[in-house]
$ cat structure_15.cif   # mmCIF, C-alpha atoms and all ligand atoms
data_coords
#
loop_
_atom_site.label_atom_id
_atom_site.label_comp_id
_atom_site.auth_asym_id
_atom_site.auth_seq_id
_atom_site.Cartn_x
_atom_site.Cartn_y
_atom_site.Cartn_z
CA MET M 364 -29.28 82.09 -27.11
CA PHE M 365 -27.03 82.18 -24.07
CA GLU M 366 -27.48 85.91 -23.59
CA ARG M 367 -31.23 85.43 -23.57
CA VAL M 368 -31.38 82.50 -21.20
CA PHE M 369 -28.76 83.63 -18.73
CA PRO M 370 -30.57 86.70 -17.34
CA ALA M 371 -33.69 84.60 -16.82
CA VAL M 372 -31.74 81.89 -15.01
CA PHE M 373 -29.96 84.52 -12.96
CA LEU M 374 -33.20 86.22 -12.02
CA PHE M 375 -34.81 82.93 -11.06
CA THR M 376 -31.83 81.93 -8.93
CA SER M 377 -31.81 85.28 -7.14
CA ILE M 378 -35.49 85.00 -6.32
CA VAL M 379 -35.01 81.49 -4.94
CA LEU M 380 -32.00 82.58 -2.89
CA ALA M 381 -33.70 85.74 -1.67
CA SER M 382 -36.78 83.89 -0.51
CA ALA M 383 -34.65 81.25 1.15
CA GLN M 384 -32.83 83.97 3.06
CA ALA M 385 -35.93 85.83 4.15
CA PRO M 386 -38.07 83.22 5.89
CA SER M 387 -41.08 84.38 7.88
CA VAL M 388 -39.59 82.81 11.00
CA PRO M 389 -35.79 82.95 11.10
CA GLY M 390 -34.52 79.40 10.71
CA LYS M 391 -31.95 78.72 13.37
CA PRO M 392 -29.65 75.86 12.48
CA LEU M 393 -30.44 72.52 14.03
CA PRO M 394 -27.92 71.38 16.65
CA PRO M 395 -25.62 68.53 15.66
CA GLY M 396 -26.74 65.01 16.36
CA PRO M 397 -27.22 61.69 14.63
CA MET M 398 -30.70 62.72 13.45
CA ARG M 399 -29.94 66.23 12.26
CA ALA M 400 -29.78 65.45 8.54
CA LYS M 401 -32.87 63.30 8.72
CA ILE M 402 -34.89 65.87 10.66
CA LYS M 403 -33.79 68.60 8.30
CA ALA M 404 -34.86 66.55 5.28
CA THR M 405 -38.17 65.47 6.79
CA CYS M 406 -39.20 68.57 8.68
CA THR M 407 -38.22 71.50 6.49
CA GLN M 408 -40.35 70.61 3.48
CA CYS M 409 -43.19 72.87 4.57
CA HIS M 410 -41.52 75.27 7.03
CA ASN M 411 -38.02 76.11 8.10
CA THR M 412 -36.15 74.96 11.20
CA GLY M 413 -37.33 78.03 13.13
CA ARG M 414 -40.65 76.31 13.74
CA ILE M 415 -38.78 73.56 15.53
CA THR M 416 -36.00 75.48 17.27
CA GLU M 417 -38.42 77.92 18.92
CA GLN M 418 -40.19 75.07 20.77
CA HIS M 419 -39.63 73.84 24.32
CA LEU M 420 -41.70 70.70 24.50
CA THR M 421 -41.67 67.55 26.55
CA ARG M 422 -41.22 64.22 24.81
CA ARG M 423 -44.94 63.65 25.05
CA GLN M 424 -45.72 67.00 23.51
CA TRP M 425 -43.22 66.31 20.74
CA SER M 426 -44.94 63.01 20.11
CA ARG M 427 -48.20 64.86 19.65
CA GLU M 428 -46.48 67.40 17.46
CA LEU M 429 -45.21 64.59 15.21
CA GLU M 430 -48.74 63.22 15.00
CA LYS M 431 -49.99 66.66 14.04
CA MET M 432 -47.29 66.96 11.36
CA GLU M 433 -48.18 63.52 10.04
CA GLY M 434 -51.77 64.70 9.81
CA LEU M 435 -50.52 67.61 7.72
CA GLY M 436 -48.60 65.32 5.40
CA ALA M 437 -45.18 64.69 7.00
CA VAL M 438 -43.86 61.17 6.58
CA ILE M 439 -42.10 59.82 9.67
CA PRO M 440 -41.20 56.14 9.40
CA ASP M 441 -42.30 54.16 12.46
CA SER M 442 -38.82 52.73 12.83
CA GLU M 443 -37.40 56.23 13.21
CA ARG M 444 -40.06 57.78 15.35
CA ALA M 445 -38.22 57.09 18.62
CA ALA M 446 -35.02 58.60 17.23
CA PHE M 447 -36.93 61.70 16.09
CA LEU M 448 -38.37 62.05 19.59
CA ASP M 449 -34.95 61.52 21.21
CA TYR M 450 -33.42 64.28 19.13
CA LEU M 451 -36.31 66.71 19.48
CA SER M 452 -36.85 66.29 23.21
CA ALA M 453 -33.10 66.36 23.95
CA ASN M 454 -32.51 69.56 21.97
CA PHE M 455 -35.85 71.34 22.27
CA GLY M 456 -37.10 70.09 25.60
CA PRO M 457 -38.71 72.19 28.32
CA GLN M 458 -36.52 75.04 29.54
CA LYS M 459 -34.75 73.99 32.73
CA ASP M 460 -35.27 77.30 34.52
CA ALA M 461 -38.87 77.68 33.40
CA PRO M 462 -41.52 77.33 36.10
CA LYS M 463 -43.18 73.94 36.09
CA ASP M 464 -46.70 73.71 34.78
CA PRO M 465 -49.28 73.51 37.51
CA PRO M 466 -50.53 69.90 37.89
CA LYS M 467 -53.95 70.84 36.51
CA ALA M 468 -52.50 72.03 33.19
CA THR M 469 -50.42 68.87 32.88
CA ALA M 470 -53.38 66.62 33.63
CA LYS M 471 -55.45 68.41 31.03
CA ASN M 472 -52.85 67.79 28.36
C1 LIG M 501 -46.49 68.46 5.07
C2 LIG M 501 -45.96 69.69 5.59
C3 LIG M 501 -45.20 69.63 6.89
C4 LIG M 501 -44.15 68.83 7.21
C5 LIG M 501 -43.45 67.79 6.35
C6 LIG M 501 -43.78 69.17 8.58
N1 LIG M 501 -44.58 70.18 9.05
FE1 LIG M 501 -44.45 71.09 10.84
N2 LIG M 501 -45.94 72.36 10.32
C7 LIG M 501 -46.65 72.32 9.14
C8 LIG M 501 -47.68 73.35 9.16
C9 LIG M 501 -48.68 73.62 8.05
C10 LIG M 501 -47.54 74.02 10.41
C11 LIG M 501 -48.42 75.14 10.96
C12 LIG M 501 -49.56 74.46 11.69
C13 LIG M 501 -50.45 75.41 12.43
O1 LIG M 501 -50.24 76.63 12.34
O2 LIG M 501 -51.36 74.89 13.11
C14 LIG M 501 -46.43 73.39 11.10
C15 LIG M 501 -45.99 73.78 12.35
C16 LIG M 501 -45.00 73.13 13.06
C17 LIG M 501 -44.59 73.48 14.41
C18 LIG M 501 -45.10 74.66 15.24
C19 LIG M 501 -46.13 74.23 16.23
C20 LIG M 501 -47.46 73.95 15.60
O3 LIG M 501 -48.00 72.85 15.82
O4 LIG M 501 -47.99 74.81 14.87
C21 LIG M 501 -43.63 72.58 14.78
C22 LIG M 501 -42.90 72.51 16.10
C23 LIG M 501 -43.45 71.68 13.66
N3 LIG M 501 -44.28 72.03 12.64
C24 LIG M 501 -42.56 70.62 13.69
C25 LIG M 501 -42.36 69.76 12.61
C26 LIG M 501 -41.46 68.63 12.66
C27 LIG M 501 -40.63 68.21 13.85
C28 LIG M 501 -41.53 68.04 11.42
C29 LIG M 501 -40.78 66.79 10.96
C30 LIG M 501 -41.13 65.58 11.61
C31 LIG M 501 -42.47 68.80 10.62
N4 LIG M 501 -42.96 69.83 11.38
C32 LIG M 501 -42.78 68.53 9.29
C33 LIG M 501 -46.43 71.47 8.09
C34 LIG M 501 -45.46 70.50 8.04
#

$ encode --input "structure_15.cif" --output "structure tokens"
Amino acid sequence: MFERVFPAVFLFTSIVLASAQAPSVPGKPLPPGPMRAKIKATCTQCHNTGRITEQHLTRRQWSRELEKMEGLGAVIPDSERAAFLDYLSANFGPQKDAPKDPPKATAKN
């Protein structure tokens, strides 16, 4: 019995581990912070952290991003929304040395 089940379990585990290690977008670890565990639990159900860490968004853009994710099925409790935004805009805010958007582009957003 054991000899029959073990290879199957082993194979299954290797597939899970292999796919976890070969994400389509490399998942950079989230920076430490009071919300890290929460964000990881809430935001990596459908994609890995790479989707988040590659962004440079303003707080307002992050707010829209959260709305978009909620539309896709993410559950962000209202009471924690501000903390999500604090963490995301502090760690993945606009790049400091990046040129500012022209006023027109900002107004359009
Ligand atoms: C229910 C599934 C789901 C959950 C949960 C989820 N996302 Fe997403 N996310 C997606 C999908 C699907 C895409 C790709 C959307 C697209 O290509 O338009 C995506 C894309 C993104 C992107 C890339 C930009 C974009 O809009 O395509 C960011 C940033 C992002 N998610 C952030 C988050 C954050 C932050 C959370 C946690 C609050 C989160 N996601 C939770 C499904 C999810």

$ residues_around --input "structure_15.cif" --residues "segment 388-405 of chain M" --least-positions-apart "6" --cutoff "9 Å" --atoms "all atoms listed in the file" --output "PyMOL selection string"
chain M and resi 411-417+437-439+446-447+449-451+454

$ atom_distance --input "structure_15.cif" --atom1 "atom C7 of ligand LIG 501 (chain M)" --atom2 "atom CA of Leu429 of chain M"
9.9 Å

$ closest_residue --input "structure_15.cif" --among "M:Glu428, M:Glu433, M:Arg422, M:Gln408" --to "Gly456 of chain M" --atoms "only C-alpha atoms"
M:Arg422

$ residues_near_point --input "structure_15.cif" --point "(-37.5, 71.1, 25.6)" --cutoff "9 Å" --atoms "all atoms listed in the file" --output "ChimeraX atom specification"
/M:418-422,425,451-459
